[in-house]
Amino acid sequence: MKTKVMILACLLAVPASHLSAQQQTDPEKATVKTQGDSIIILKGKGDLRIKVYEELEENEKREEQIFEGVYLEKVDADKRTFLDALPFIPQKKRYNSYDPHCSGVFIGFSWMTNDFLAFGTSKEANLDLSKSWEFGFNLLSVYHNFKRNPHWGVNLGVSWGYRSFNIDGNYALLKKDGESFFTAGDETTTYSGSRLRHYFFRIPVLLEWQQRVGHSKVFFNAGPEFEIRHGVKSFSHINGGKKRTMGKGMCVQPVGINLLAQAGYGNIGVYLRYSTYGLFQKNKGPEVTPYSFGVAWYW
C-alpha cells in the first residue's frame with residue numbers, strides 16, 4: 001500500500017519542468033528516488049513507460065522491479081485522416097508512418113470476357129490484346145490510419161482516365177435501332193483498326209495492409225471501385241479509308257462497379273481490376289464483362 005501511494009504521489013507531484021531538470025544527462029530518461037525506492041520514467045515515441053523499483057534490505061541492499069506500466073499517447077482521431085497530395089506538393093512522412101498507395105499513375109491492358117470472374121477473351125469480342133489498354137491518374141485522395149497503426153488504413157480517391165478496346169480482324173461495333181452489336185465485313189465492306197473507347201472517373205475505396213521490409217514497404221490493398229463512364233464512341237476504318245465514327249454512347253452502362261486489388265513494393269505496384277457486371281445495358285449489346293491488369297507508380 002505504501003508503494004502504491006508513493007507511485008501516485010510521485011506522478012502527481014513531479015512536474016514536467018522537474019523531470020526536464022533531471023533529464024539533462026539523458027533526455028529520454030528521468031529517475032526519481034523517494035525513501036530509497038526508485039521510479040524510472042522513460043519517454044519514447046508515442047508512449048510513456050514507468051518502472052518502479054523497491055529497495056530490499058536482506059543480506060545486502062538491492063532493488064527489485066515491482067511494477068512496469070506503458071501509457072500510450074492519446075491521439076485525436078481527426079489527426080489520423082489526411083489529404084494525399086499530388087507529387088509536386090512536398091509532404092512530411094515519418095519513417096514508421098502509414099504510407100497510402102492510392103494516388104499515382106497507372107497503365108495496363110484491357111480485355112473482355114463472357115463470364116464474371118472468368119479470365120480470357122470473349123467469344124463475341126475478338127480483341128487485339130496488344131492494342132487494348134487503359135491509362136489513368138489520380139486527381140485527389142484521402143486516407144485514414146487506424147490509431148496510428150502503421151500496418152492498416154483506408155484509402156479513398158478520385159481518378160480520371162481513358163480505356164480503349166481494339167477489335168481485331170474484319171469486324172466493327174455498330175449501333176442501330178437502339179442496340180449495339182459486332183458485325184463482320186463482307187466482299188464490299190471491310191473494317192480495320194476498329195475500336196471502342198470511353199473516358200472514366202473512378203472512385204476506389206480500399207482497405208490496405210502494409211509492412212516495412214528494408215527501406216520500403218510491401219503492401220496489399222483491395223476494395224470496391226465506382227466508375228462513371230463518358231465520351232463513349234466506336235471507330236473503324238472502312239475499306240481502308242479514314243477513321244470514321246460508327247456510333248456514340250453505344251448503349252454502354254454509364255455507371256459500373258469494379259473490384260480492385262493492388263500489390264507492390266515501395267512506389268511500384270501491379271493491379272487487377274474486374275467489373276462486377278456487363279459493359280453494355282441488358283438486351284442492348286453483347287454480354288461482355290471488362291477487366292484489366294497493369295502496373296502503377298504511386299506518389
# chains A, B, ... in the order shown; residues from 1 in each chain; ligands from 1

call {"tool": "residues_around", "arguments": {"residues": "stretch 220-230 of chain A", "least_positions_apart": "5", "cutoff": "8 Å", "atoms": "only C-alpha atoms", "output": "JSON, numbers by chain"}}
result
{"A": [198, 199, 200, 201, 202, 203, 204, 205, 206, 207, 208, 209, 210, 253, 254, 255, 256, 257, 258, 259, 260, 261, 262, 263, 264]}

call {"tool": "residues_around", "arguments": {"residues": "A:Asn138", "least_positions_apart": "4", "cutoff": "6 Å", "atoms": "only C-alpha atoms", "output": "PyMOL selection string"}}
result
chain A and resi 103-104+158-159

call {"tool": "write_last_selection", "arguments": {"atoms": "C-alpha atoms", "output": "tab-separated table (two decimals), in the first residue's frame"}}
result
chain	number	residue	atom	x	y	z
A	103	SER	CA	-2.51	8.33	-55.65
A	104	GLY	CA	-0.50	7.64	-58.77
A	158	VAL	CA	-10.80	10.01	-57.43
A	159	SER	CA	-9.05	9.17	-60.71

call {"tool": "atom_distance", "arguments": {"atom1": "atom CA of A:Tyr265", "atom2": "atom CA of A:Phe146"}}
result
21.0 Å

call {"tool": "residues_around", "arguments": {"residues": "stretch 239-249 of chain A", "least_positions_apart": "4", "cutoff": "8 Å", "atoms": "only C-alpha atoms", "output": "list in words"}}
result
Leu173, Leu174, Lys175, Thr189, Thr190, Tyr191, Ser192, Gly231, Val232, Lys233, Ser234 and Phe235 of chain A

call {"tool": "write_last_selection", "arguments": {"atoms": "all heavy atoms", "output": "compact mmCIF listing (two decimals), in the first residue's frame"}}
result
# COMPACT_ATOMS: atom_id res chain seq x y z
N LEU A 173 -17.87 -2.50 -84.31
CA LEU A 173 -19.00 -2.40 -83.39
C LEU A 173 -19.94 -1.32 -83.90
O LEU A 173 -19.56 -0.15 -83.97
CB LEU A 173 -18.52 -2.07 -81.97
CG LEU A 173 -19.60 -1.99 -80.90
CD1 LEU A 173 -20.27 -3.35 -80.68
CD2 LEU A 173 -19.01 -1.47 -79.58
N LEU A 174 -21.14 -1.72 -84.24
CA LEU A 174 -22.13 -0.79 -84.79
C LEU A 174 -23.27 -0.57 -83.80
O LEU A 174 -23.49 -1.37 -82.89
CB LEU A 174 -22.69 -1.33 -86.10
CG LEU A 174 -21.70 -1.69 -87.21
CD1 LEU A 174 -22.45 -2.19 -88.44
CD2 LEU A 174 -20.83 -0.48 -87.56
N LYS A 175 -24.01 0.53 -84.05
CA LYS A 175 -25.20 0.82 -83.25
C LYS A 175 -26.36 1.10 -84.20
O LYS A 175 -26.25 1.95 -85.09
CB LYS A 175 -24.95 2.03 -82.34
CG LYS A 175 -26.15 2.39 -81.46
CD LYS A 175 -25.85 3.61 -80.60
CE LYS A 175 -27.04 3.98 -79.75
NZ LYS A 175 -26.77 5.20 -78.94
N THR A 189 -17.57 -4.49 -98.10
CA THR A 189 -17.22 -3.63 -96.97
C THR A 189 -16.22 -4.34 -96.06
O THR A 189 -16.48 -5.46 -95.60
CB THR A 189 -18.47 -3.27 -96.14
OG1 THR A 189 -19.44 -2.64 -96.99
CG2 THR A 189 -18.10 -2.31 -95.02
N THR A 190 -15.10 -3.71 -95.85
CA THR A 190 -14.10 -4.26 -94.93
C THR A 190 -13.84 -3.26 -93.81
O THR A 190 -13.87 -2.04 -94.03
CB THR A 190 -12.77 -4.56 -95.66
OG1 THR A 190 -12.27 -3.34 -96.24
CG2 THR A 190 -12.98 -5.59 -96.75
N TYR A 191 -13.61 -3.80 -92.63
CA TYR A 191 -13.32 -2.98 -91.46
C TYR A 191 -11.90 -3.26 -90.98
O TYR A 191 -11.44 -4.40 -91.01
CB TYR A 191 -14.30 -3.29 -90.32
CG TYR A 191 -15.75 -3.08 -90.68
CD1 TYR A 191 -16.58 -4.18 -90.95
CD2 TYR A 191 -16.29 -1.81 -90.74
CE1 TYR A 191 -17.91 -4.01 -91.27
CE2 TYR A 191 -17.63 -1.62 -91.06
CZ TYR A 191 -18.43 -2.73 -91.33
OH TYR A 191 -19.75 -2.55 -91.66
N SER A 192 -11.22 -2.22 -90.52
CA SER A 192 -9.86 -2.38 -89.96
C SER A 192 -9.64 -1.33 -88.89
O SER A 192 -10.22 -0.23 -88.93
CB SER A 192 -8.80 -2.25 -91.06
OG SER A 192 -8.86 -0.96 -91.66
N GLY A 231 -18.08 9.95 -72.79
CA GLY A 231 -17.38 10.07 -74.07
C GLY A 231 -17.24 8.74 -74.79
O GLY A 231 -16.19 8.49 -75.40
N VAL A 232 -18.27 7.90 -74.75
CA VAL A 232 -18.20 6.58 -75.38
C VAL A 232 -18.38 6.70 -76.89
O VAL A 232 -19.35 7.31 -77.35
CB VAL A 232 -19.27 5.64 -74.79
CG1 VAL A 232 -19.12 4.24 -75.39
CG2 VAL A 232 -19.16 5.60 -73.28
N LYS A 233 -17.44 6.10 -77.66
CA LYS A 233 -17.53 6.12 -79.12
C LYS A 233 -16.98 4.83 -79.70
O LYS A 233 -16.13 4.18 -79.10
CB LYS A 233 -16.76 7.30 -79.71
CG LYS A 233 -17.41 8.65 -79.53
CD LYS A 233 -16.63 9.74 -80.27
CE LYS A 233 -17.29 11.10 -80.11
NZ LYS A 233 -16.56 12.16 -80.87
N SER A 234 -17.48 4.49 -80.89
CA SER A 234 -16.95 3.35 -81.66
C SER A 234 -16.38 3.89 -82.96
O SER A 234 -17.02 4.72 -83.64
CB SER A 234 -18.07 2.34 -81.94
OG SER A 234 -17.58 1.30 -82.77
N PHE A 235 -15.16 3.43 -83.34
CA PHE A 235 -14.48 3.89 -84.55
C PHE A 235 -14.11 2.70 -85.43
O PHE A 235 -13.97 1.58 -84.96
CB PHE A 235 -13.21 4.66 -84.20
CG PHE A 235 -13.42 5.88 -83.33
CD1 PHE A 235 -13.25 5.80 -81.96
CD2 PHE A 235 -13.76 7.09 -83.89
CE1 PHE A 235 -13.42 6.90 -81.17
CE2 PHE A 235 -13.93 8.21 -83.10
CZ PHE A 235 -13.77 8.12 -81.73
